[in-house]
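> Before I ask anything, here is the structure I am working with.
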Amino acid sequence: MTAVEGPGRAPESPGARYWHRSLHDYADLIGRGPGGREGGPREPERFTRHGSLPRYPLPSPPRTLGPPSRGLGALGRGLGESAGGRVVPTAALHSALLHYTCGVLRTEFGPTARWPYHRAVPSARCFAPVETYLWTPGHDGLPAGVYAYDPAHHALVLLRAGDFRALLGAALGTDLDAAVGALLLSTVFWRTAFRYGAYAYRLCAQEAGLMAGNALMVAGALGVPGQLRHQFLDGVLERLLGVTRPEESVAAVLPLYAGRGEAVPPCSEAELPVPPAACRPAAPATGVGALAELVELDAAARLTDTAFFARLPHEEPPTAGPVPAGELADLLRRRTSGAPAFHPKPRPVPVEAVLDAVRPAFAPYASDAVPEGSAPPVTAHLWAVDVTGAEAGVHEVTAGGLRYLGPARSVDLGLEAANIDYRTVNAVVFLSVPARRAQVTFGDRGFRVLHHEAGVVAQRLCVLSAGSGLAARIHNGYAAAPLARALRLPPGHEPVFQIALGTPGADERCLMPVPHWRAA
């Protein structure tokens, strides 16, 4: 993945080039960006304006401050334990699903409040580039159709009325007859790119994966098993939603099933005409078009025929451990990335608490990236700093627990995050993926496929950390080459997530939970 172009060498594809640039030369990639400043005139809004399109307010989402029945359900169900029973779409289901998947759970106040809106998933500087759409067959009071979710007002905005089940299923290559709905995730690149330039493609891919992982947990806890679909006919879904490239791009789709979906005959984009969309408000002008590397890779990753869908060969990542007890809504509200300057309390934690946060994150889930029943194509390593029962140094996370690889310092690992105090963290988890194999299997779509897969594991790990009383800070500040050597990764594998774990310390911010929404 590190080859360069030269005499007698074939040019690298945009995906192969971006794998190298975003992991091994990311400072230069950011440095060539527009250099936007938070609070400056180029900073985009965090929420989409939907104009005068029809709106359907959702009822108040369930909370855990009352009887247990007011919560989402057990964490174990969210990680794949038997859900039981048949679920039908209702306003209450949509309210819980959307609020806890991508809603605003906390708001920040005070003179130091820089990032006022905190979602259910970590987001780089709370830019929240991921938009969520819902296809639903409808229910009393809500017509069948495609909707945008407005998290600022906890409401659905009708984009297109109609069933669209057959069209969406054909574009995904799966039968949706038993589906009770589907979530469609897109990325609005400029929300992150105004500051990070073309490097925003990686940040957006990570966050789409985090959001997909959260949606799978929330839907599972509500009794609706979900599937993660990375592969679909991009142009069909773009026209269905009315999104405009390159400003916005569909990233992933999660059909929600009462049963299971079966494959349908392959088709091409040309076979699925989409009627003109309802008039959406024009997107504000952005500078995304000038970010050549981002636009080039997003265009190169598109699919136009479902016959080209593929799966990674089966790999055996760490086997999931038992899921600890916990109510998912409570854990989502307790999940924290810590203070802006991550300085945990210097307190040792037992290795069991760390493993309770890491191993259950690898529970299998339905994904079109791997064969059915396979675990995620992600491996985990642990740098133990202050963990009782684990020798200080680097460990590989295995089915049996931990395999010690040797001592290490932060400099040996290539860690470069200036706002993480590595002296007081308990541990750092690194998630790695088979980058070269994904580039061969999925082509230029492989970059975002594996960042989505690793994001699912990362979000689970962040939520599980809350159950162990730990904050989990995701940070891309590391040099990939020395880190890969220290972790003894096989050739072609790359580290894509660094997650620091520690006991939350002092925080100068005032973070308040969002109050109950008024019932519709």
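Following the order of the structure tokens, first chain is A, next is B, and so on, with residues numbered from 1 inside each chain and ligands from 1 in the order they appear.
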Taking 4 positions as the minimum chain separation for residues in the same chain, which residues sit within 9 Å of stretch 421-431 of chain A when counting only C-alpha atoms? Answer as a ChimeraX atom specification.

/A:341-349,354,358,378-387,410,415,417,454,457-458,487,494-503

> Please provide the set of residues having any atom within 8 Å of A:Leu291, restricted to only C-alpha atoms, with same-chain residues fewer than 4 positions apart removed, written as a list in words.

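The neighbour list is Gly33, Gly197, Ala198, Gly287 and Val295 of chain A.
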
> Could you write out that same residue set with N, CA and C atoms as a PDB file, in the first residue's frame?


ATOM      1  N   GLY A  33      -5.555  21.724   3.225  1.00  0.00           N
ATOM      2  CA  GLY A  33      -6.973  22.021   3.294  1.00  0.00           C
ATOM      3  C   GLY A  33      -7.242  23.513   3.313  1.00  0.00           C
ATOM      4  N   GLY A 197      -9.859  19.719   5.363  1.00  0.00           N
ATOM      5  CA  GLY A 197      -9.580  19.486   3.965  1.00  0.00           C
ATOM      6  C   GLY A 197      -9.935  18.075   3.525  1.00  0.00           C
ATOM      7  N   ALA A 198      -9.124  17.509   2.604  1.00  0.00           N
ATOM      8  CA  ALA A 198      -9.416  16.186   2.062  1.00  0.00           C
ATOM      9  C   ALA A 198      -9.275  15.085   3.107  1.00  0.00           C
ATOM     10  N   GLY A 287     -16.851  24.571  -0.327  1.00  0.00           N
ATOM     11  CA  GLY A 287     -15.596  24.448  -1.041  1.00  0.00           C
ATOM     12  C   GLY A 287     -15.186  23.021  -1.287  1.00  0.00           C
ATOM     13  N   VAL A 295     -12.875  14.414  -3.528  1.00  0.00           N
ATOM     14  CA  VAL A 295     -13.860  14.238  -4.595  1.00  0.00           C
ATOM     15  C   VAL A 295     -13.478  13.066  -5.490  1.00  0.00           C
TER      16      VAL A 295
END

> Check which residues of stretch 231-330 of chain A sit at most 9 Å from stretch 9-30 of chain A using only C-alpha atoms, and return one row each with the closest pair of atoms and their distance in Å to one decimal, ordered by chain and rising number, as CSV.


residue,atom,partner,partner_atom,distance
A:Glu293,CA,A:Pro14,CA,7.7
A:Leu294,CA,A:Tyr18,CA,8.8
A:Glu296,CA,A:Pro14,CA,6.7
A:Leu297,CA,A:Pro14,CA,5.4
A:Ala300,CA,A:Pro14,CA,6.9
A:Ala301,CA,A:Gly15,CA,7.8

> To one decimal in Å, tell me the separation between atom CA of A:Val121 and atom CA of A:Pro504.

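Answer for the atom CA of A:Val121 to atom CA of A:Pro504 separation: 17.2 Å.
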
> When you look at A:Phe308 with a cut-off of 9 Å (counting only C-alpha atoms), what residues show up, excluding the ones that are within fewer than 4 positions of it in the same chain? I need them as a PDB file with C-alpha atoms, in the first residue's frame.


ATOM      1  CA  PRO A 266     -28.310  -8.531  -9.963  1.00  0.00           C
ATOM      2  CA  LEU A 303     -20.977   1.220  -7.773  1.00  0.00           C
ATOM      3  CA  THR A 304     -23.285   0.999 -10.784  1.00  0.00           C
ATOM      4  CA  PHE A 442     -13.747  -3.889  -2.961  1.00  0.00           C
TER       5      PHE A 442
END

> List every residue of stretch 155-328 of chain A that DSSP, applied to the backbone of this structure, assigns to alpha helix (DSSP H), and report them as a PyMOL selection string.

chain A and resi 165-172+190-196+200-221+234-241+292-300+328

> Check the smallest atom-to-atom distance from each of A:Arg448, A:His118, A:Arg280, A:His314 to A:Arg160 using only C-alpha atoms, then report the winner.

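Using only C-alpha atoms, A:Arg160 sits closest to A:Arg280.
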
> When you count only C-alpha atoms, which of these residues is closest to A:Val323: A:Gly443, A:Gly338, A:Gly414, A:Gly78?

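Smallest separation from A:Val323 among the options: A:Gly78.
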
> Closest to A:Glu238 among A:Arg302, A:Arg86, A:His451, A:Arg409, using only C-alpha atoms?

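The answer is A:Arg302, which sits nearest to A:Glu238.
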
> From the list A:Pro276, A:Ala215, A:Val130, A:Thr174, which residue is nearest A:Ser249 when using only C-alpha atoms?

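Ranking A:Pro276, A:Ala215, A:Val130, A:Thr174 by distance to A:Ser249, first place goes to A:Val130.
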
> Give the answer as one residue: which of A:Glu247, A:Val146, A:Pro225, A:Ala299 has the shortest atom-to-atom distance to A:Ala282, using only C-alpha atoms?

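Of A:Glu247, A:Val146, A:Pro225, A:Ala299, the one nearest A:Ala282 is A:Glu247, counting only C-alpha atoms.
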
> Kindly assemble as a tab-separated table a list of the stretch 285-390 of chain A residues that lie within 8 Å of stretch 459-463 of chain A, each paired with its nearest atom pair and their distance in Å to one decimal, using only C-alpha atoms, sorted first by chain and then by ascending residue number.


residue	atom	partner	partner_atom	distance
A:Leu331	CA	A:Val463	CA	6.1
A:Leu332	CA	A:Val463	CA	6.1
A:Arg335	CA	A:Val463	CA	5.6
A:Thr336	CA	A:Cys462	CA	7.8
A:Ala357	CA	A:Leu461	CA	5.5
A:Val358	CA	A:Leu461	CA	5.6
A:Pro360	CA	A:Leu461	CA	7.9
A:Ala361	CA	A:Arg460	CA	5.1

> Those residues you just picked out, can you put them in a file as a short mmCIF file (atom, residue, chain, number, x, y, z; two decimals), in the first residue's frame with C-alpha atoms?


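Printed below is out.cif as written:
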data_model
loop_
_atom_site.label_atom_id
_atom_site.label_comp_id
_atom_site.auth_asym_id
_atom_site.auth_seq_id
_atom_site.Cartn_x
_atom_site.Cartn_y
_atom_site.Cartn_z
CA LEU A 331 -24.91 3.53 28.84
CA LEU A 332 -25.37 5.78 25.79
CA ARG A 335 -20.69 7.36 27.32
CA THR A 336 -18.09 10.12 27.27
CA ALA A 357 -15.07 -3.09 27.28
CA VAL A 358 -13.09 -4.66 24.44
CA PRO A 360 -17.83 -8.02 23.60
CA ALA A 361 -17.35 -5.35 20.91
#

> Considering only C-alpha atoms, return as a ChimeraX atom specification whatever protein or nucleic-acid residues lie within 12 Å of A:Val224, sequence-local ones (same chain, fewer than 6 positions apart) excluded.

/A:72-73,77-89,93-94,96-97,178-182,215-218,254-260

> Of the residues A:Pro57, A:Pro284, A:Gly242, A:Gly226, which is the one nearest to A:Leu156, using only C-alpha atoms?

A:Pro57

> Quick one: residues within 10 Å of A:Arg437, only C-alpha atoms counted, chain neighbours fewer than 2 positions away excluded, as a list in words?

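With the cut-off at 10 Å, the set is Leu312, Pro313, Val433, Pro434, Ala435, Gln439, Val440, Thr441, Phe442, Gly443, Gly446, Gly492 and His493 of chain A.
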
> List the spatial neighbours of A:Gly141 as a list in words - criterion: any atom at most 10 Å away, only C-alpha atoms, same-chain residues fewer than 4 positions off excluded.

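Counting only the stated atoms, we get Tyr56, Thr90 and Ala91 of chain A.
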